[in-house]
>>> print(open('structure34.txt').read())   # compact mmCIF, N, CA and C atoms
# COMPACT_ATOMS: atom_id res chain seq x y z
N MET A 57 6.61 -16.34 21.17
CA MET A 57 6.92 -16.32 19.75
C MET A 57 8.19 -17.13 19.52
N GLY A 58 8.12 -18.07 18.60
CA GLY A 58 9.27 -18.92 18.30
C GLY A 58 10.37 -18.15 17.60
N GLU A 59 11.52 -18.78 17.53
CA GLU A 59 12.69 -18.13 16.94
C GLU A 59 12.48 -17.75 15.48
N ASN A 60 11.75 -18.56 14.72
CA ASN A 60 11.55 -18.30 13.29
C ASN A 60 10.26 -17.57 12.98
N GLU A 61 9.49 -17.21 14.01
CA GLU A 61 8.23 -16.51 13.78
C GLU A 61 8.44 -15.01 13.84
N ARG A 62 7.88 -14.32 12.84
CA ARG A 62 7.96 -12.86 12.81
C ARG A 62 6.59 -12.29 13.12
N LYS A 63 6.59 -11.10 13.67
CA LYS A 63 5.34 -10.37 13.82
C LYS A 63 4.87 -9.96 12.44
N LYS A 64 3.57 -9.72 12.32
CA LYS A 64 2.99 -9.45 11.02
C LYS A 64 2.02 -8.27 11.09
N LEU A 65 2.14 -7.38 10.11
CA LEU A 65 1.22 -6.26 9.91
C LEU A 65 0.33 -6.59 8.72
N ALA A 66 -0.98 -6.48 8.89
CA ALA A 66 -1.93 -6.63 7.79
C ALA A 66 -2.65 -5.30 7.64
N LEU A 67 -2.55 -4.71 6.47
CA LEU A 67 -3.08 -3.37 6.24
C LEU A 67 -4.01 -3.37 5.03
N VAL A 68 -5.23 -2.91 5.23
CA VAL A 68 -6.18 -2.73 4.13
C VAL A 68 -6.04 -1.30 3.65
N VAL A 69 -5.71 -1.13 2.37
CA VAL A 69 -5.54 0.20 1.78
C VAL A 69 -6.76 0.47 0.90
N GLN A 70 -7.72 1.21 1.44
CA GLN A 70 -8.96 1.50 0.73
C GLN A 70 -8.92 2.87 0.08
N GLY A 71 -8.12 3.77 0.61
CA GLY A 71 -8.08 5.14 0.11
C GLY A 71 -7.07 5.31 -1.01
N GLY A 72 -7.38 6.16 -1.94
CA GLY A 72 -6.51 6.39 -3.08
C GLY A 72 -6.00 7.81 -3.18
N THR A 73 -5.70 8.41 -2.04
CA THR A 73 -5.16 9.76 -2.04
C THR A 73 -3.71 9.72 -1.59
N LEU A 74 -3.01 10.79 -1.86
CA LEU A 74 -1.58 10.86 -1.56
C LEU A 74 -1.29 10.63 -0.08
N ASP A 75 -2.09 11.23 0.78
CA ASP A 75 -1.86 11.07 2.22
C ASP A 75 -2.06 9.62 2.67
N LYS A 76 -3.03 8.94 2.09
CA LYS A 76 -3.27 7.54 2.46
C LYS A 76 -2.17 6.63 1.92
N LEU A 77 -1.66 6.93 0.73
CA LEU A 77 -0.55 6.14 0.20
C LEU A 77 0.69 6.30 1.08
N TYR A 78 1.00 7.55 1.44
CA TYR A 78 2.14 7.76 2.33
C TYR A 78 1.95 7.02 3.65
N CYS A 79 0.77 7.12 4.22
CA CYS A 79 0.49 6.43 5.48
C CYS A 79 0.74 4.93 5.34
N ALA A 80 0.19 4.32 4.31
CA ALA A 80 0.34 2.87 4.10
C ALA A 80 1.80 2.48 3.93
N PHE A 81 2.53 3.21 3.08
CA PHE A 81 3.91 2.84 2.80
C PHE A 81 4.87 3.18 3.94
N ILE A 82 4.56 4.21 4.71
CA ILE A 82 5.38 4.52 5.89
C ILE A 82 5.20 3.41 6.94
N LEU A 83 3.96 2.99 7.16
CA LEU A 83 3.72 1.91 8.11
C LEU A 83 4.39 0.61 7.65
N ALA A 84 4.25 0.31 6.37
CA ALA A 84 4.87 -0.92 5.84
C ALA A 84 6.39 -0.84 5.92
N SER A 85 6.96 0.30 5.57
CA SER A 85 8.42 0.47 5.63
C SER A 85 8.94 0.33 7.06
N THR A 86 8.20 0.90 7.99
CA THR A 86 8.60 0.80 9.40
C THR A 86 8.52 -0.65 9.87
N ALA A 87 7.46 -1.34 9.50
CA ALA A 87 7.31 -2.75 9.88
C ALA A 87 8.48 -3.57 9.35
N VAL A 88 8.80 -3.40 8.09
CA VAL A 88 9.90 -4.15 7.48
C VAL A 88 11.23 -3.80 8.15
N ALA A 89 11.42 -2.52 8.47
CA ALA A 89 12.66 -2.07 9.11
C ALA A 89 12.86 -2.70 10.49
N ILE A 90 11.76 -3.03 11.17
CA ILE A 90 11.89 -3.67 12.48
C ILE A 90 11.64 -5.18 12.39
N ASP A 91 11.84 -5.72 11.19
CA ASP A 91 11.80 -7.17 10.95
C ASP A 91 10.41 -7.78 11.11
N MET A 92 9.38 -7.01 10.72
CA MET A 92 8.01 -7.53 10.68
C MET A 92 7.63 -7.78 9.23
N GLU A 93 6.74 -8.73 9.01
CA GLU A 93 6.14 -8.90 7.70
C GLU A 93 5.10 -7.78 7.52
N ALA A 94 4.97 -7.29 6.30
CA ALA A 94 3.95 -6.29 5.97
C ALA A 94 3.14 -6.80 4.79
N HIS A 95 1.85 -6.95 4.99
CA HIS A 95 0.93 -7.43 3.96
C HIS A 95 -0.09 -6.34 3.69
N LEU A 96 -0.09 -5.80 2.47
CA LEU A 96 -1.00 -4.71 2.11
C LEU A 96 -2.00 -5.18 1.08
N TYR A 97 -3.28 -4.97 1.39
CA TYR A 97 -4.39 -5.37 0.53
C TYR A 97 -5.05 -4.11 -0.01
N PHE A 98 -4.93 -3.88 -1.31
CA PHE A 98 -5.47 -2.69 -1.96
C PHE A 98 -6.85 -2.98 -2.53
N THR A 99 -7.83 -2.18 -2.09
CA THR A 99 -9.21 -2.37 -2.53
C THR A 99 -9.84 -1.00 -2.81
N PHE A 100 -10.94 -0.99 -3.53
CA PHE A 100 -11.64 0.23 -3.92
C PHE A 100 -10.68 1.29 -4.47
N TRP A 101 -10.69 2.51 -3.94
CA TRP A 101 -9.87 3.57 -4.51
C TRP A 101 -8.39 3.33 -4.28
N GLY A 102 -8.06 2.58 -3.27
CA GLY A 102 -6.67 2.18 -3.07
C GLY A 102 -6.21 1.30 -4.22
N LEU A 103 -7.06 0.39 -4.66
CA LEU A 103 -6.71 -0.47 -5.80
C LEU A 103 -6.45 0.35 -7.05
N ASN A 104 -7.23 1.40 -7.24
CA ASN A 104 -7.04 2.25 -8.42
C ASN A 104 -5.64 2.85 -8.48
N MET A 105 -4.98 2.98 -7.34
CA MET A 105 -3.62 3.50 -7.30
C MET A 105 -2.60 2.49 -7.84
N LEU A 106 -3.01 1.23 -8.00
CA LEU A 106 -2.12 0.21 -8.53
C LEU A 106 -2.19 0.10 -10.05
N VAL A 107 -3.06 0.88 -10.66
CA VAL A 107 -3.12 0.94 -12.12
C VAL A 107 -1.89 1.73 -12.59
N LYS A 108 -1.25 1.25 -13.64
CA LYS A 108 -0.03 1.88 -14.15
C LYS A 108 -0.23 3.39 -14.33
N GLY A 109 0.66 4.18 -13.75
CA GLY A 109 0.65 5.63 -13.88
C GLY A 109 -0.21 6.36 -12.87
N ALA A 110 -1.09 5.66 -12.15
CA ALA A 110 -2.02 6.34 -11.23
C ALA A 110 -1.33 6.85 -9.97
N MET A 111 -0.41 6.08 -9.43
CA MET A 111 0.21 6.47 -8.17
C MET A 111 0.98 7.79 -8.31
N GLU A 112 1.58 7.99 -9.46
CA GLU A 112 2.35 9.21 -9.71
C GLU A 112 1.45 10.44 -9.81
N LYS A 113 0.15 10.23 -10.05
CA LYS A 113 -0.81 11.33 -10.17
C LYS A 113 -1.62 11.54 -8.90
N ALA A 114 -1.36 10.76 -7.87
CA ALA A 114 -2.14 10.86 -6.63
C ALA A 114 -2.00 12.26 -6.03
N SER A 115 -3.08 12.73 -5.44
CA SER A 115 -3.06 14.05 -4.81
C SER A 115 -3.81 13.97 -3.49
N LEU A 116 -3.80 15.07 -2.77
CA LEU A 116 -4.52 15.13 -1.50
C LEU A 116 -6.02 15.25 -1.76
N PRO A 117 -6.84 14.84 -0.80
CA PRO A 117 -8.29 15.02 -0.97
C PRO A 117 -8.65 16.50 -1.00
N THR A 118 -9.79 16.81 -1.53
CA THR A 118 -10.23 18.19 -1.70
C THR A 118 -10.11 19.00 -0.41
N THR A 119 -10.44 18.40 0.71
CA THR A 119 -10.39 19.09 1.99
C THR A 119 -9.01 19.65 2.30
N TYR A 120 -7.97 18.96 1.84
CA TYR A 120 -6.59 19.34 2.15
C TYR A 120 -5.80 19.79 0.92
N LYS A 121 -6.47 19.93 -0.20
CA LYS A 121 -5.80 20.27 -1.46
C LYS A 121 -4.98 21.55 -1.34
N HIS A 122 -5.45 22.51 -0.56
CA HIS A 122 -4.74 23.79 -0.41
C HIS A 122 -3.39 23.62 0.28
N LEU A 123 -3.16 22.48 0.91
CA LEU A 123 -1.89 22.21 1.60
C LEU A 123 -0.91 21.38 0.77
N GLU A 124 -1.36 20.93 -0.39
CA GLU A 124 -0.56 19.99 -1.18
C GLU A 124 0.77 20.58 -1.66
N GLU A 125 0.74 21.79 -2.17
CA GLU A 125 1.98 22.39 -2.68
C GLU A 125 3.04 22.50 -1.58
N GLN A 126 2.64 22.97 -0.41
CA GLN A 126 3.58 23.09 0.71
C GLN A 126 4.07 21.71 1.17
N MET A 127 3.16 20.75 1.21
CA MET A 127 3.56 19.40 1.60
C MET A 127 4.60 18.84 0.65
N MET A 128 4.38 19.02 -0.64
CA MET A 128 5.31 18.49 -1.64
C MET A 128 6.68 19.18 -1.54
N LYS A 129 6.67 20.49 -1.29
CA LYS A 129 7.93 21.21 -1.11
C LYS A 129 8.68 20.69 0.12
N ASN A 130 7.95 20.46 1.19
CA ASN A 130 8.58 19.95 2.41
C ASN A 130 9.14 18.54 2.20
N LEU A 131 8.39 17.70 1.52
CA LEU A 131 8.87 16.34 1.25
C LEU A 131 10.12 16.37 0.37
N GLU A 132 10.14 17.27 -0.60
CA GLU A 132 11.32 17.41 -1.47
C GLU A 132 12.51 17.90 -0.66
N ARG A 133 12.28 18.89 0.19
CA ARG A 133 13.35 19.41 1.05
C ARG A 133 13.91 18.31 1.95
N MET A 134 13.03 17.44 2.43
CA MET A 134 13.42 16.34 3.31
C MET A 134 14.04 15.18 2.52
N LYS A 135 14.03 15.30 1.18
CA LYS A 135 14.49 14.23 0.30
C LYS A 135 13.70 12.93 0.54
N TYR A 136 12.42 13.12 0.74
CA TYR A 136 11.52 12.00 1.02
C TYR A 136 11.10 11.34 -0.29
N PRO A 137 11.10 10.03 -0.35
CA PRO A 137 10.72 9.36 -1.60
C PRO A 137 9.22 9.50 -1.89
N THR A 138 8.87 9.36 -3.15
CA THR A 138 7.46 9.34 -3.54
C THR A 138 6.86 8.01 -3.08
N PRO A 139 5.52 7.91 -3.04
CA PRO A 139 4.93 6.61 -2.68
C PRO A 139 5.41 5.48 -3.60
N TYR A 140 5.52 5.73 -4.89
CA TYR A 140 5.95 4.66 -5.79
C TYR A 140 7.41 4.28 -5.55
N GLU A 141 8.24 5.25 -5.23
CA GLU A 141 9.63 4.94 -4.87
C GLU A 141 9.68 4.12 -3.59
N MET A 142 8.81 4.45 -2.64
CA MET A 142 8.75 3.69 -1.39
C MET A 142 8.33 2.24 -1.68
N LEU A 143 7.35 2.10 -2.56
CA LEU A 143 6.89 0.76 -2.93
C LEU A 143 8.02 -0.05 -3.55
N LYS A 144 8.75 0.56 -4.46
CA LYS A 144 9.87 -0.15 -5.10
C LYS A 144 10.91 -0.60 -4.08
N ARG A 145 11.18 0.24 -3.08
CA ARG A 145 12.13 -0.13 -2.02
C ARG A 145 11.57 -1.29 -1.19
N LEU A 146 10.29 -1.23 -0.89
CA LEU A 146 9.67 -2.31 -0.12
C LEU A 146 9.74 -3.64 -0.86
N LYS A 147 9.58 -3.58 -2.16
CA LYS A 147 9.61 -4.81 -2.97
C LYS A 147 10.94 -5.53 -2.88
N ALA A 148 12.00 -4.82 -2.49
CA ALA A 148 13.32 -5.44 -2.35
C ALA A 148 13.39 -6.33 -1.11
N SER A 149 12.40 -6.23 -0.24
CA SER A 149 12.39 -7.01 0.99
C SER A 149 11.50 -8.24 0.83
N ASP A 150 11.95 -9.35 1.35
CA ASP A 150 11.11 -10.55 1.32
C ASP A 150 10.06 -10.51 2.44
N LEU A 151 10.02 -9.42 3.20
CA LEU A 151 9.04 -9.27 4.27
C LEU A 151 7.78 -8.53 3.81
N PHE A 152 7.77 -8.05 2.57
CA PHE A 152 6.66 -7.24 2.06
C PHE A 152 5.89 -8.00 0.99
N LYS A 153 4.56 -7.99 1.13
CA LYS A 153 3.69 -8.57 0.10
C LYS A 153 2.53 -7.62 -0.15
N MET A 154 2.17 -7.51 -1.41
CA MET A 154 1.09 -6.61 -1.80
C MET A 154 0.06 -7.39 -2.61
N TYR A 155 -1.20 -7.12 -2.32
CA TYR A 155 -2.29 -7.85 -2.95
C TYR A 155 -3.30 -6.88 -3.56
N ALA A 156 -3.82 -7.23 -4.72
CA ALA A 156 -4.90 -6.47 -5.36
C ALA A 156 -6.20 -7.22 -5.13
N CYS A 157 -7.27 -6.50 -4.84
CA CYS A 157 -8.58 -7.09 -4.57
C CYS A 157 -9.27 -7.49 -5.88
N SER A 158 -9.51 -8.78 -6.04
CA SER A 158 -10.10 -9.26 -7.29
C SER A 158 -11.53 -8.77 -7.52
N PRO A 159 -12.42 -8.72 -6.51
CA PRO A 159 -13.76 -8.19 -6.79
C PRO A 159 -13.74 -6.72 -7.19
N THR A 160 -12.84 -5.93 -6.59
CA THR A 160 -12.74 -4.51 -6.96
C THR A 160 -12.24 -4.39 -8.39
N MET A 161 -11.30 -5.23 -8.78
CA MET A 161 -10.82 -5.21 -10.17
C MET A 161 -11.98 -5.45 -11.13
N GLU A 162 -12.81 -6.43 -10.81
CA GLU A 162 -13.96 -6.72 -11.67
C GLU A 162 -14.93 -5.55 -11.69
N MET A 163 -15.19 -4.97 -10.51
CA MET A 163 -16.14 -3.86 -10.41
C MET A 163 -15.69 -2.67 -11.26
N PHE A 164 -14.38 -2.36 -11.25
CA PHE A 164 -13.86 -1.22 -11.99
C PHE A 164 -13.38 -1.57 -13.40
N GLY A 165 -13.47 -2.84 -13.78
CA GLY A 165 -13.03 -3.25 -15.12
C GLY A 165 -11.52 -3.20 -15.29
N ILE A 166 -10.80 -3.45 -14.22
CA ILE A 166 -9.33 -3.42 -14.26
C ILE A 166 -8.81 -4.83 -14.52
N LYS A 167 -7.91 -4.95 -15.46
CA LYS A 167 -7.30 -6.24 -15.82
C LYS A 167 -5.91 -6.33 -15.18
N LYS A 168 -5.42 -7.55 -15.04
CA LYS A 168 -4.10 -7.76 -14.46
C LYS A 168 -3.04 -6.96 -15.20
N GLU A 169 -3.13 -6.91 -16.51
CA GLU A 169 -2.13 -6.19 -17.31
C GLU A 169 -2.20 -4.67 -17.12
N ASP A 170 -3.27 -4.17 -16.51
CA ASP A 170 -3.39 -2.74 -16.20
C ASP A 170 -2.60 -2.36 -14.96
N LEU A 171 -2.25 -3.36 -14.15
CA LEU A 171 -1.61 -3.10 -12.86
C LEU A 171 -0.10 -2.95 -12.98
N ILE A 172 0.47 -2.22 -12.03
CA ILE A 172 1.93 -2.08 -11.96
C ILE A 172 2.54 -3.45 -11.71
N PRO A 173 3.77 -3.67 -12.16
CA PRO A 173 4.37 -5.01 -12.05
C PRO A 173 4.68 -5.43 -10.61
N GLU A 174 4.64 -4.52 -9.66
CA GLU A 174 4.94 -4.85 -8.27
C GLU A 174 3.83 -5.64 -7.58
N VAL A 175 2.63 -5.69 -8.18
CA VAL A 175 1.53 -6.44 -7.59
C VAL A 175 1.87 -7.93 -7.67
N GLU A 176 1.90 -8.57 -6.52
CA GLU A 176 2.27 -9.98 -6.47
C GLU A 176 1.11 -10.93 -6.68
N GLU A 177 0.00 -10.61 -6.02
CA GLU A 177 -1.13 -11.52 -6.08
C GLU A 177 -2.43 -10.75 -6.19
N ILE A 178 -3.38 -11.38 -6.86
CA ILE A 178 -4.73 -10.86 -6.95
C ILE A 178 -5.60 -11.83 -6.17
N VAL A 179 -6.21 -11.32 -5.09
CA VAL A 179 -6.96 -12.20 -4.20
C VAL A 179 -8.26 -11.54 -3.77
N GLY A 180 -9.15 -12.35 -3.26
CA GLY A 180 -10.40 -11.85 -2.71
C GLY A 180 -10.28 -11.60 -1.22
N ALA A 181 -11.34 -11.10 -0.64
CA ALA A 181 -11.34 -10.75 0.78
C ALA A 181 -11.09 -11.98 1.66
N ALA A 182 -11.63 -13.13 1.31
CA ALA A 182 -11.46 -14.32 2.14
C ALA A 182 -9.99 -14.69 2.27
N THR A 183 -9.26 -14.61 1.18
CA THR A 183 -7.83 -14.92 1.22
C THR A 183 -7.09 -13.93 2.09
N PHE A 184 -7.40 -12.63 1.92
CA PHE A 184 -6.69 -11.66 2.75
C PHE A 184 -7.09 -11.78 4.22
N LEU A 185 -8.33 -12.07 4.50
CA LEU A 185 -8.74 -12.26 5.89
C LEU A 185 -7.99 -13.43 6.53
N ASP A 186 -7.71 -14.46 5.76
CA ASP A 186 -6.92 -15.57 6.26
C ASP A 186 -5.52 -15.09 6.66
N ILE A 187 -4.93 -14.23 5.84
CA ILE A 187 -3.63 -13.64 6.16
C ILE A 187 -3.74 -12.76 7.41
N ALA A 188 -4.77 -11.93 7.45
CA ALA A 188 -4.95 -10.99 8.55
C ALA A 188 -5.27 -11.69 9.87
N THR A 189 -5.88 -12.87 9.81
CA THR A 189 -6.22 -13.62 11.01
C THR A 189 -5.01 -13.87 11.89
N ASN A 190 -3.86 -14.09 11.26
CA ASN A 190 -2.64 -14.38 11.99
C ASN A 190 -1.76 -13.15 12.20
N ALA A 191 -2.29 -11.99 11.87
CA ALA A 191 -1.48 -10.76 12.01
C ALA A 191 -1.48 -10.28 13.46
N ASP A 192 -0.38 -9.68 13.84
CA ASP A 192 -0.29 -9.08 15.17
C ASP A 192 -0.94 -7.70 15.19
N ILE A 193 -0.90 -7.02 14.04
CA ILE A 193 -1.49 -5.69 13.89
C ILE A 193 -2.30 -5.67 12.61
N THR A 194 -3.55 -5.24 12.69
CA THR A 194 -4.38 -5.06 11.50
C THR A 194 -4.90 -3.63 11.49
N LEU A 195 -4.76 -2.97 10.35
CA LEU A 195 -5.15 -1.58 10.22
C LEU A 195 -5.90 -1.36 8.91
N PHE A 196 -6.62 -0.26 8.85
CA PHE A 196 -7.40 0.14 7.68
C PHE A 196 -7.04 1.57 7.34
N VAL A 197 -6.57 1.80 6.10
CA VAL A 197 -6.21 3.15 5.67
C VAL A 197 -7.11 3.55 4.53
>>> encode(input="structure34.txt", output="structure tokens")
Amino acid sequence: MGENERKKLALVVQGGTLDKLYCAFILASTAVAIDMEAHLYFTFWGLNMLVKGAMEKASLPTTYKHLEEQMMKNLERMKYPTPYEMLKRLKASDLFKMYACSPTMEMFGIKKEDLIPEVEEIVGAATFLDIATNADITLFV
């Protein structure tokens, strides 16, 4: 690896539940903290979390819903940021990029103006696969 080359994380965020958002943003935050690029591609239910106001309403899936209250209390006790707060912190880094899936937007009738302002680019799968091709780590959440 050359002096100016950074390792890269490419993460597909397909899930739109609180646990999946935390997983995605914790991985991205860790990557950025160790000087890696983090590229997150939001598609399907993950993309729905990029609609204004949706991330703040995210909850655990039905299977784990009974654990949500305790989880939230523990996160508050730990002074852990919300997923949206984590996203805002990530946006301060030039190592983080977030993408919205254009076919999913069309499928769900979501317009660019419906999305939170932190979304940098709206791209299709081919564009993100080009990014992921050069990634050192590729994951699906």
>>> select_by_dssp(input="structure34.txt", residues="region 65-131 of chain A", states="alpha helix (DSSP H)", output="PDB file with N, CA and C atoms, keeping the file's coordinate frame")
ATOM      1  N   LEU A  74      -3.010  10.790  -1.860  1.00  0.00           N
ATOM      2  CA  LEU A  74      -1.580  10.860  -1.560  1.00  0.00           C
ATOM      3  C   LEU A  74      -1.290  10.630  -0.080  1.00  0.00           C
ATOM      4  N   ASP A  75      -2.090  11.230   0.780  1.00  0.00           N
ATOM      5  CA  ASP A  75      -1.860  11.070   2.220  1.00  0.00           C
ATOM      6  C   ASP A  75      -2.060   9.620   2.670  1.00  0.00           C
ATOM      7  N   LYS A  76      -3.030   8.940   2.090  1.00  0.00           N
ATOM      8  CA  LYS A  76      -3.270   7.540   2.460  1.00  0.00           C
ATOM      9  C   LYS A  76      -2.170   6.630   1.920  1.00  0.00           C
ATOM     10  N   LEU A  77      -1.660   6.930   0.730  1.00  0.00           N
ATOM     11  CA  LEU A  77      -0.550   6.140   0.200  1.00  0.00           C
ATOM     12  C   LEU A  77       0.690   6.300   1.080  1.00  0.00           C
ATOM     13  N   TYR A  78       1.000   7.550   1.440  1.00  0.00           N
ATOM     14  CA  TYR A  78       2.140   7.760   2.330  1.00  0.00           C
ATOM     15  C   TYR A  78       1.950   7.020   3.650  1.00  0.00           C
ATOM     16  N   CYS A  79       0.770   7.120   4.220  1.00  0.00           N
ATOM     17  CA  CYS A  79       0.490   6.430   5.480  1.00  0.00           C
ATOM     18  C   CYS A  79       0.740   4.930   5.340  1.00  0.00           C
ATOM     19  N   ALA A  80       0.190   4.320   4.310  1.00  0.00           N
ATOM     20  CA  ALA A  80       0.340   2.870   4.100  1.00  0.00           C
ATOM     21  C   ALA A  80       1.800   2.480   3.930  1.00  0.00           C
ATOM     22  N   PHE A  81       2.530   3.210   3.080  1.00  0.00           N
ATOM     23  CA  PHE A  81       3.910   2.840   2.800  1.00  0.00           C
ATOM     24  C   PHE A  81       4.870   3.180   3.940  1.00  0.00           C
ATOM     25  N   ILE A  82       4.560   4.210   4.710  1.00  0.00           N
ATOM     26  CA  ILE A  82       5.380   4.520   5.890  1.00  0.00           C
ATOM     27  C   ILE A  82       5.200   3.410   6.940  1.00  0.00           C
ATOM     28  N   LEU A  83       3.960   2.990   7.160  1.00  0.00           N
ATOM     29  CA  LEU A  83       3.720   1.910   8.110  1.00  0.00           C
ATOM     30  C   LEU A  83       4.390   0.610   7.650  1.00  0.00           C
ATOM     31  N   ALA A  84       4.250   0.310   6.370  1.00  0.00           N
ATOM     32  CA  ALA A  84       4.870  -0.920   5.840  1.00  0.00           C
ATOM     33  C   ALA A  84       6.390  -0.840   5.920  1.00  0.00           C
ATOM     34  N   SER A  85       6.960   0.300   5.570  1.00  0.00           N
ATOM     35  CA  SER A  85       8.420   0.470   5.630  1.00  0.00           C
ATOM     36  C   SER A  85       8.940   0.330   7.060  1.00  0.00           C
ATOM     37  N   THR A  86       8.200   0.900   7.990  1.00  0.00           N
ATOM     38  CA  THR A  86       8.600   0.800   9.400  1.00  0.00           C
ATOM     39  C   THR A  86       8.520  -0.650   9.870  1.00  0.00           C
ATOM     40  N   ALA A  87       7.460  -1.340   9.500  1.00  0.00           N
ATOM     41  CA  ALA A  87       7.310  -2.750   9.880  1.00  0.00           C
ATOM     42  C   ALA A  87       8.480  -3.570   9.350  1.00  0.00           C
ATOM     43  N   VAL A  88       8.800  -3.400   8.090  1.00  0.00           N
ATOM     44  CA  VAL A  88       9.900  -4.150   7.480  1.00  0.00           C
ATOM     45  C   VAL A  88      11.230  -3.800   8.150  1.00  0.00           C
ATOM     46  N   ALA A  89      11.420  -2.520   8.470  1.00  0.00           N
ATOM     47  CA  ALA A  89      12.660  -2.070   9.110  1.00  0.00           C
ATOM     48  C   ALA A  89      12.860  -2.700  10.490  1.00  0.00           C
ATOM     49  N   PHE A 100     -10.940  -0.990  -3.530  1.00  0.00           N
ATOM     50  CA  PHE A 100     -11.640   0.230  -3.920  1.00  0.00           C
ATOM     51  C   PHE A 100     -10.680   1.290  -4.470  1.00  0.00           C
ATOM     52  N   TRP A 101     -10.690   2.510  -3.940  1.00  0.00           N
ATOM     53  CA  TRP A 101      -9.870   3.570  -4.510  1.00  0.00           C
ATOM     54  C   TRP A 101      -8.390   3.330  -4.280  1.00  0.00           C
ATOM     55  N   GLY A 102      -8.060   2.580  -3.270  1.00  0.00           N
ATOM     56  CA  GLY A 102      -6.670   2.180  -3.070  1.00  0.00           C
ATOM     57  C   GLY A 102      -6.210   1.300  -4.220  1.00  0.00           C
ATOM     58  N   LEU A 103      -7.060   0.390  -4.660  1.00  0.00           N
ATOM     59  CA  LEU A 103      -6.710  -0.470  -5.800  1.00  0.00           C
ATOM     60  C   LEU A 103      -6.450   0.350  -7.050  1.00  0.00           C
ATOM     61  N   ASN A 104      -7.230   1.400  -7.240  1.00  0.00           N
ATOM     62  CA  ASN A 104      -7.040   2.250  -8.420  1.00  0.00           C
ATOM     63  C   ASN A 104      -5.640   2.850  -8.480  1.00  0.00           C
ATOM     64  N   GLU A 124      -1.360  20.930  -0.390  1.00  0.00           N
ATOM     65  CA  GLU A 124      -0.560  19.990  -1.180  1.00  0.00           C
ATOM     66  C   GLU A 124       0.770  20.580  -1.660  1.00  0.00           C
ATOM     67  N   GLU A 125       0.740  21.790  -2.170  1.00  0.00           N
ATOM     68  CA  GLU A 125       1.980  22.390  -2.680  1.00  0.00           C
ATOM     69  C   GLU A 125       3.040  22.500  -1.580  1.00  0.00           C
ATOM     70  N   GLN A 126       2.640  22.970  -0.410  1.00  0.00           N
ATOM     71  CA  GLN A 126       3.580  23.090   0.710  1.00  0.00           C
ATOM     72  C   GLN A 126       4.070  21.710   1.170  1.00  0.00           C
ATOM     73  N   MET A 127       3.160  20.750   1.210  1.00  0.00           N
ATOM     74  CA  MET A 127       3.560  19.400   1.600  1.00  0.00           C
ATOM     75  C   MET A 127       4.600  18.840   0.650  1.00  0.00           C
ATOM     76  N   MET A 128       4.380  19.020  -0.640  1.00  0.00           N
ATOM     77  CA  MET A 128       5.310  18.490  -1.640  1.00  0.00           C
ATOM     78  C   MET A 128       6.680  19.180  -1.540  1.00  0.00           C
ATOM     79  N   LYS A 129       6.670  20.490  -1.290  1.00  0.00           N
ATOM     80  CA  LYS A 129       7.930  21.210  -1.110  1.00  0.00           C
ATOM     81  C   LYS A 129       8.680  20.690   0.120  1.00  0.00           C
ATOM     82  N   ASN A 130       7.950  20.460   1.190  1.00  0.00           N
ATOM     83  CA  ASN A 130       8.580  19.950   2.410  1.00  0.00           C
ATOM     84  C   ASN A 130       9.140  18.540   2.200  1.00  0.00           C
ATOM     85  N   LEU A 131       8.390  17.700   1.520  1.00  0.00           N
ATOM     86  CA  LEU A 131       8.870  16.340   1.250  1.00  0.00           C
ATOM     87  C   LEU A 131      10.120  16.370   0.370  1.00  0.00           C
TER      88      LEU A 131
END
>>> closest_residue(input="structure34.txt", among="A:Leu106, A:Ala191, A:Leu65, A:Leu74", to="Ala87 (chain A)", atoms="all atoms listed in the file")
A:Leu65
>>> atom_distance(input="structure34.txt", atom1="atom C of Leu103 (chain A)", atom2="atom C of Gly71 (chain A)")
7.8 Å
>>> residues_around(input="structure34.txt", residues="Gly102 (chain A)", least_positions_apart="5", cutoff="5 Å", atoms="only N, CA and C atoms", output="PyMOL selection string")
chain A and resi 69-72
>>> residues_around(input="structure34.txt", residues="Met111 (chain A)", least_positions_apart="5", cutoff="7 Å", atoms="all atoms listed in the file", output="list in words")
Asn104, Met105, Leu106, Pro139 and Tyr140 of chain A
>>> residues_around(input="structure34.txt", residues="region 153-166 of chain A", least_positions_apart="3", cutoff="5 Å", atoms="all atoms listed in the file", output="MDAnalysis selection string")
chainID A and resid 94:98 176:180
>>> select_by_dssp(input="structure34.txt", residues="chain A", states="strand (DSSP E)", output="VMD selection string")
chain A and resid 64 to 69 93 to 98 152 to 157 177 to 179 193 to 196
>>> atom_distance(input="structure34.txt", atom1="CA of Thr86 (chain A)", atom2="CA of Val197 (chain A)")
15.5 Å
>>> closest_residue(input="structure34.txt", among="A:Leu116, A:Leu77, A:Val88, A:Leu195", to="Lys147 (chain A)", atoms="only C-alpha atoms")
A:Val88
>>> atom_distance(input="structure34.txt", atom1="atom N of Ile193 (chain A)", atom2="CA of Glu61 (chain A)")
13.2 Å
>>> residues_around(input="structure34.txt", residues="Thr138 (chain A)", least_positions_apart="3", cutoff="12 Å", atoms="only C-alpha atoms", output="ChimeraX atom specification")
/A:74-75,77-79,81-82,111-115,127-128,131-132,134-135,141-145
>>> closest_residue(input="structure34.txt", among="A:Ala148, A:His122, A:Val68, A:Thr99", to="Glu174 (chain A)", atoms="only C-alpha atoms")
A:Ala148
>>> closest_residue(input="structure34.txt", among="A:Asp170, A:Glu125, A:Asp192, A:Asp91", to="Lys108 (chain A)", atoms="only C-alpha atoms")
A:Asp170
>>> decode(input="structure34.txt", residues="region 163-174 of chain A", atoms="C-alpha atoms", output="tab-separated table (two decimals), in the first residue's frame")
chain	number	residue	atom	x	y	z
A	163	MET	CA	-39.40	2.06	-6.30
A	164	PHE	CA	-40.54	3.78	-3.07
A	165	GLY	CA	-41.37	7.13	-4.70
A	166	ILE	CA	-38.72	8.98	-2.70
A	167	LYS	CA	-37.43	12.27	-4.11
A	168	LYS	CA	-34.06	13.88	-3.44
A	169	GLU	CA	-35.77	16.63	-1.43
A	170	ASP	CA	-37.26	13.94	0.87
A	171	LEU	CA	-33.77	12.89	1.99
A	172	ILE	CA	-31.74	14.22	4.89
A	173	PRO	CA	-29.14	16.80	3.81
A	174	GLU	CA	-26.23	14.49	4.74
